[in-house]
There are 2 protein chains.
Amino acid sequence: MNGQFQIAIHILTLLEQANGELLSSEYIAGSININPALVRKEIRNLRNYGLINSKEGKTGGYSLGKAPDNIALADVYKAVKSHPALGQAKNLPNPACAIGRQINQHLDALATEVDTAIIGKLTKITLADFSQKFK
Amino acid sequence: MNGQFQIAIHILTLLEQANGELLSSEYIAGSININPALVRKEIRNLRNYGLINSKEGKTGGYSLGKAPDNIALADVYKAVKSHPALGQAKNLPNPACAIGRQINQHLDALATEVDTAIIGKLTKITLADFSQKFK
DNA sequence: CAAAACTGTAACAAATTTAATTACAATATA
DNA sequence: TATATTGTAATTAAATTTGTTACAGTTTTG
């Protein structure tokens with residue numbers, strides 16, 4: 001997997017600590033130490049999930065889209081998730097093989113079970129919980 | 001993440017079904033539809049964990065290293081795991097920022113919790129269970 | 001109204017990671 | 001001794017991820 005989840009949590013934690021004050025993509029990028037355009041790109045996605053509000057224009061910036069105790073880390077996980085946590089092979093198993101023919105179906109089911117377990121775990125932790133650690 | 005876990009499970013399932021008969025890397029590669037050298041590379045790793053036995057020479061090949069009901073999918077996961085399931089960002093957060101300074105420690109702890117949950121889940125499933133689905 | 005400071009978005013480039021390929025030495029069998 | 005296989009390394013190719021640049025659109029402020 002990639003670092004999207006970590007970036008997302010970093011952004012959300014900064015916004016939580018800002019307590020409603022708007023933060024710019026440049027400020028956020030400075031804390032994470034990545035490019036401001038990447039921050040905006042990541043935020044675009046999180047905003048689509050209602051996790052972040054944005055304001056355009058001269059005094060624009062970002063703030064949390066919901067109360068931090070109403071944002072489960074599972075919401076963040078779902079928002080950034082592109083592949084199953086177990087990974088995803090890109091081979092095309094041999095359909096002439098009895099195992100190859102069926103294995104993807106069983107591997108996919110397994111991957112779903114694992115993702116469900118992760119979501120179960122992350123549902124119990126809110127952004128407020130996580131952010132609390134910095135206070 | 002990548003497809004190592006799926007490849008490993010595919011290999012182990014084939015070996016389980018072979019019931020002790022040795023399979024060659026070429027045969028295995030044909031079922032997975034990847035290169036035999038990749039199969040051997042993946043097997044080298046699994047062998048280091050005792051999950052597979054190999055025999056060199058003309059009539060060589062591979063077989064399971066343990067009874068299939070004694071191989072938990074968690075063992076496979078641990079063998080192939082290179083990154084935490086949540087991913088791993090490669091930025092270096094700004095140490096001059098109160099959040100940036102501490103966040104990796106908290107993110108790492110979270111990643112460990114999630115990996116532990118995954119292992120908990122996969123500990124309950126054996127290769128025998130998985131392979132059973134093909135019978 | 002015009003300048004300034006932002007976000008929003010796209011296009012492109014660079015870096016990293018993953019997978020594939022090739023080659024050949026080492027080993028065991030027949 | 002020929003053959004079929006594993007073991008391993010080196011290299012190449014492909015895919016993915018990350019970084020960069022650019023600029024249009026929006027809102028505020030003088």
# chains A, B, ... in the order shown; residues from 1 in each chain; ligands from 1

call {"tool": "closest_atom_pairs", "arguments": {"of": "range 33-108 of chain B", "to": "range 58-77 of chain A", "cutoff": "12 Å", "atoms": "only C-alpha atoms", "output": "JSON lines"}}
result
{"residue": "B:Ala85", "atom": "CA", "partner": "A:Tyr77", "partner_atom": "CA", "distance": 11.2}
{"residue": "B:Leu86", "atom": "CA", "partner": "A:Tyr77", "partner_atom": "CA", "distance": 8.4}
{"residue": "B:Gly87", "atom": "CA", "partner": "A:Tyr77", "partner_atom": "CA", "distance": 10.8}
{"residue": "B:Leu107", "atom": "CA", "partner": "A:Leu73", "partner_atom": "CA", "distance": 11.6}

call {"tool": "residues_around", "arguments": {"residues": "range 3-17 of chain D", "least_positions_apart": "2", "cutoff": "8 Å", "atoms": "only C-alpha atoms (C1' of nucleotides)", "output": "number ranges by chain"}}
result
A: 2; B: 24, 40, 54-61; C: 16-21, 26-27

call {"tool": "write_last_selection", "arguments": {"atoms": "C-alpha atoms (C1' of nucleotides)", "output": "PDB file, in the first residue's frame"}}
result
ATOM      1  CA  ASN A   2       0.985   3.645  -0.139  1.00  0.00           C
TER       2      ASN A   2
ATOM      3  CA  SER B  24       8.204 -28.157 -10.268  1.00  0.00           C
ATOM      4  CA  ARG B  40      11.445 -20.042  -7.089  1.00  0.00           C
ATOM      5  CA  SER B  54      12.532 -28.284  -1.740  1.00  0.00           C
ATOM      6  CA  LYS B  55      14.520 -30.976  -3.442  1.00  0.00           C
ATOM      7  CA  GLU B  56      17.215 -30.203  -5.980  1.00  0.00           C
ATOM      8  CA  GLY B  57      18.317 -32.217  -8.962  1.00  0.00           C
ATOM      9  CA  LYS B  58      16.704 -33.983 -11.822  1.00  0.00           C
ATOM     10  CA  THR B  59      13.637 -35.224  -9.993  1.00  0.00           C
ATOM     11  CA  GLY B  60      13.502 -32.185  -7.776  1.00  0.00           C
ATOM     12  CA  GLY B  61      10.568 -29.996  -6.882  1.00  0.00           C
TER      13      GLY B  61
ATOM     14  C1'  DT C  16      10.458   4.093  -6.584  1.00  0.00           C
ATOM     15  C1'  DT C  17       8.651  -0.378  -6.551  1.00  0.00           C
ATOM     16  C1'  DT C  18       7.182  -4.509  -8.640  1.00  0.00           C
ATOM     17  C1'  DA C  19       7.319  -7.942 -11.983  1.00  0.00           C
ATOM     18  C1'  DA C  20       9.512 -10.197 -15.849  1.00  0.00           C
ATOM     19  C1'  DT C  21      13.383 -11.974 -18.195  1.00  0.00           C
ATOM     20  C1'  DA C  26      25.014 -26.295  -8.645  1.00  0.00           C
ATOM     21  C1'  DT C  27      22.744 -30.603  -7.735  1.00  0.00           C
TER      22       DT C  27
END

call {"tool": "interface_residues", "arguments": {"of": "chain C", "to": "chain A", "cutoff": "10 Å", "atoms": "only C-alpha atoms (C1' of nucleotides)", "output": "CSV table (one decimal) with C-alpha atoms (C1' of nucleotides), in the first residue's frame"}}
result
chain,number,residue,atom,x,y,z
C,4,DA,C1',-3.4,39.6,-3.6
C,5,DA,C1',-3.9,35.1,-1.5
C,6,DC,C1',-5.9,31.4,-1.7
C,7,DT,C1',-8.2,26.7,-3.7
C,8,DG,C1',-9.1,23.4,-7.8
C,9,DT,C1',-7.4,20.8,-11.3
C,19,DA,C1',7.3,-7.9,-12.0

call {"tool": "closest_residue", "arguments": {"among": "C:DA2, C:DA30, C:DA23, C:DA15", "to": "DT1 in chain D", "atoms": "only C-alpha atoms (C1' of nucleotides)"}}
result
C:DA30

call {"tool": "interface_residues", "arguments": {"of": "chain A", "to": "chain B", "cutoff": "6 Å", "atoms": "only C-alpha atoms", "output": "list in words"}}
result
Met1, Asn2, Gly3, Ser31, Ile32, Asn33, Ala85, Gly87, Gln88, Ala89, Pro93, Asn94, Cys97 and Gly100 of chain A

call {"tool": "write_last_selection", "arguments": {"atoms": "N, CA and C atoms", "output": "compact mmCIF listing (two decimals), in the first residue's frame"}}
result
# COMPACT_ATOMS: atom_id res chain seq x y z
N MET A 1 0.84 -1.20 0.00
CA MET A 1 0.00 0.00 0.00
C MET A 1 0.88 1.26 0.00
N ASN A 2 0.24 2.39 -0.10
CA ASN A 2 0.98 3.65 -0.14
C ASN A 2 0.75 4.43 1.16
N GLY A 3 1.15 5.67 1.16
CA GLY A 3 1.09 6.44 2.40
C GLY A 3 -0.12 7.35 2.51
N SER A 31 3.96 21.02 7.46
CA SER A 31 4.02 20.10 8.59
C SER A 31 4.30 18.68 8.14
N ILE A 32 3.64 18.30 7.04
CA ILE A 32 3.82 16.93 6.55
C ILE A 32 5.15 16.78 5.82
N ASN A 33 5.54 17.89 5.23
CA ASN A 33 6.75 17.94 4.41
C ASN A 33 6.54 17.28 3.05
N ALA A 85 -6.21 -4.68 1.84
CA ALA A 85 -5.02 -4.62 2.68
C ALA A 85 -4.08 -5.78 2.41
N GLY A 87 -3.32 -6.92 -0.31
CA GLY A 87 -2.68 -6.76 -1.61
C GLY A 87 -3.55 -7.37 -2.69
N GLN A 88 -3.07 -7.24 -3.90
CA GLN A 88 -3.85 -7.73 -5.02
C GLN A 88 -2.87 -8.15 -6.12
N ALA A 89 -2.88 -9.41 -6.42
CA ALA A 89 -1.97 -9.90 -7.46
C ALA A 89 -2.52 -9.50 -8.82
N PRO A 93 -4.62 -16.20 -13.31
CA PRO A 93 -4.35 -17.62 -13.13
C PRO A 93 -4.89 -18.44 -14.29
N ASN A 94 -4.25 -19.56 -14.51
CA ASN A 94 -4.57 -20.44 -15.63
C ASN A 94 -5.94 -21.09 -15.48
N CYS A 97 -6.35 -24.87 -15.14
CA CYS A 97 -5.95 -25.54 -13.89
C CYS A 97 -7.10 -25.45 -12.90
N GLY A 100 -6.24 -22.88 -10.31
CA GLY A 100 -6.17 -21.55 -10.93
C GLY A 100 -7.53 -21.00 -11.29

call {"tool": "select_by_dssp", "arguments": {"residues": "chain B", "states": "strand (DSSP E or B)", "output": "list in words"}}
result
Leu23, Ile52, Asn53, Ser54, Lys55, Gly61, Tyr62, Ser63, Leu64, Ala72 and Thr126 of chain B

call {"tool": "interface_residues", "arguments": {"of": "chain D", "to": "chain A", "cutoff": "6 Å", "atoms": "only C-alpha atoms (C1' of nucleotides)", "output": "PyMOL selection string"}}
result
chain D and resi 26-28

call {"tool": "write_last_selection", "arguments": {"atoms": "N, CA and C atoms (P, O5', C5', C4', C3', O3' and C1' of nucleotides)", "output": "mmCIF file, in the first residue's frame"}}
result
data_model
loop_
_atom_site.group_PDB
_atom_site.id
_atom_site.type_symbol
_atom_site.label_atom_id
_atom_site.label_comp_id
_atom_site.auth_asym_id
_atom_site.auth_seq_id
_atom_site.Cartn_x
_atom_site.Cartn_y
_atom_site.Cartn_z
ATOM 1 P P DT D 26 -15.345 30.404 -10.457
ATOM 2 O "O5'" DT D 26 -14.775 30.854 -9.043
ATOM 3 C "C5'" DT D 26 -14.626 29.888 -8.015
ATOM 4 C "C4'" DT D 26 -14.100 30.570 -6.777
ATOM 5 C "C3'" DT D 26 -14.974 31.707 -6.259
ATOM 6 O "O3'" DT D 26 -15.267 31.415 -4.915
ATOM 7 C "C1'" DT D 26 -12.701 32.365 -6.324
ATOM 8 P P DT D 27 -16.580 32.034 -4.243
ATOM 9 O "O5'" DT D 27 -15.954 33.120 -3.265
ATOM 10 C "C5'" DT D 27 -15.144 32.659 -2.193
ATOM 11 C "C4'" DT D 27 -14.213 33.770 -1.775
ATOM 12 C "C3'" DT D 27 -14.896 35.035 -1.269
ATOM 13 O "O3'" DT D 27 -14.672 35.068 0.126
ATOM 14 C "C1'" DT D 27 -12.956 35.507 -2.559
ATOM 15 P P DT D 28 -15.345 36.118 1.068
ATOM 16 O "O5'" DT D 28 -14.156 37.150 1.213
ATOM 17 C "C5'" DT D 28 -13.002 36.738 1.948
ATOM 18 C "C4'" DT D 28 -11.895 37.752 1.722
ATOM 19 C "C3'" DT D 28 -12.170 39.134 2.325
ATOM 20 O "O3'" DT D 28 -11.162 39.376 3.273
ATOM 21 C "C1'" DT D 28 -11.256 39.295 0.143
#

call {"tool": "select_by_dssp", "arguments": {"residues": "range 40-118 of chain A", "states": "helix (DSSP H, G or I)", "output": "ChimeraX atom specification"}}
result
/A:40-48,68-70,73-80,98-118

call {"tool": "residues_around", "arguments": {"residues": "DA11 in chain C", "least_positions_apart": "2", "cutoff": "10 Å", "atoms": "only C-alpha atoms (C1' of nucleotides)", "output": "JSON, numbers by chain"}}
result
{"C": [9, 13], "D": [21, 22]}

call {"tool": "atom_distance", "arguments": {"atom1": "CA of Val39 in chain B", "atom2": "CA of Ala79 in chain B"}}
result
14.9 Å

call {"tool": "decode", "arguments": {"residues": "chain C", "atoms": "C-alpha atoms (C1' of nucleotides)", "output": "compact mmCIF listing (two decimals), in the first residue's frame"}}
result
# COMPACT_ATOMS: atom_id res chain seq x y z
C1' DC C 1 -11.84 47.69 -9.93
C1' DA C 2 -7.53 45.60 -9.34
C1' DA C 3 -4.20 43.22 -6.65
C1' DA C 4 -3.40 39.55 -3.56
C1' DA C 5 -3.89 35.07 -1.54
C1' DC C 6 -5.91 31.35 -1.69
C1' DT C 7 -8.22 26.66 -3.70
C1' DG C 8 -9.12 23.41 -7.75
C1' DT C 9 -7.37 20.85 -11.26
C1' DA C 10 -4.69 19.02 -14.93
C1' DA C 11 -0.58 17.77 -17.24
C1' DC C 12 3.75 16.23 -16.90
C1' DA C 13 8.26 14.51 -14.87
C1' DA C 14 10.89 11.88 -11.62
C1' DA C 15 11.53 8.32 -8.47
C1' DT C 16 10.46 4.09 -6.58
C1' DT C 17 8.65 -0.38 -6.55
C1' DT C 18 7.18 -4.51 -8.64
C1' DA C 19 7.32 -7.94 -11.98
C1' DA C 20 9.51 -10.20 -15.85
C1' DT C 21 13.38 -11.97 -18.19
C1' DT C 22 17.64 -14.09 -18.96
C1' DA C 23 21.43 -16.65 -17.80
C1' DC C 24 24.01 -19.93 -15.69
C1' DA C 25 26.10 -22.48 -11.74
C1' DA C 26 25.01 -26.29 -8.65
C1' DT C 27 22.74 -30.60 -7.74
C1' DA C 28 20.81 -35.06 -8.25
C1' DT C 29 19.07 -38.79 -11.18
C1' DA C 30 19.09 -42.14 -14.69
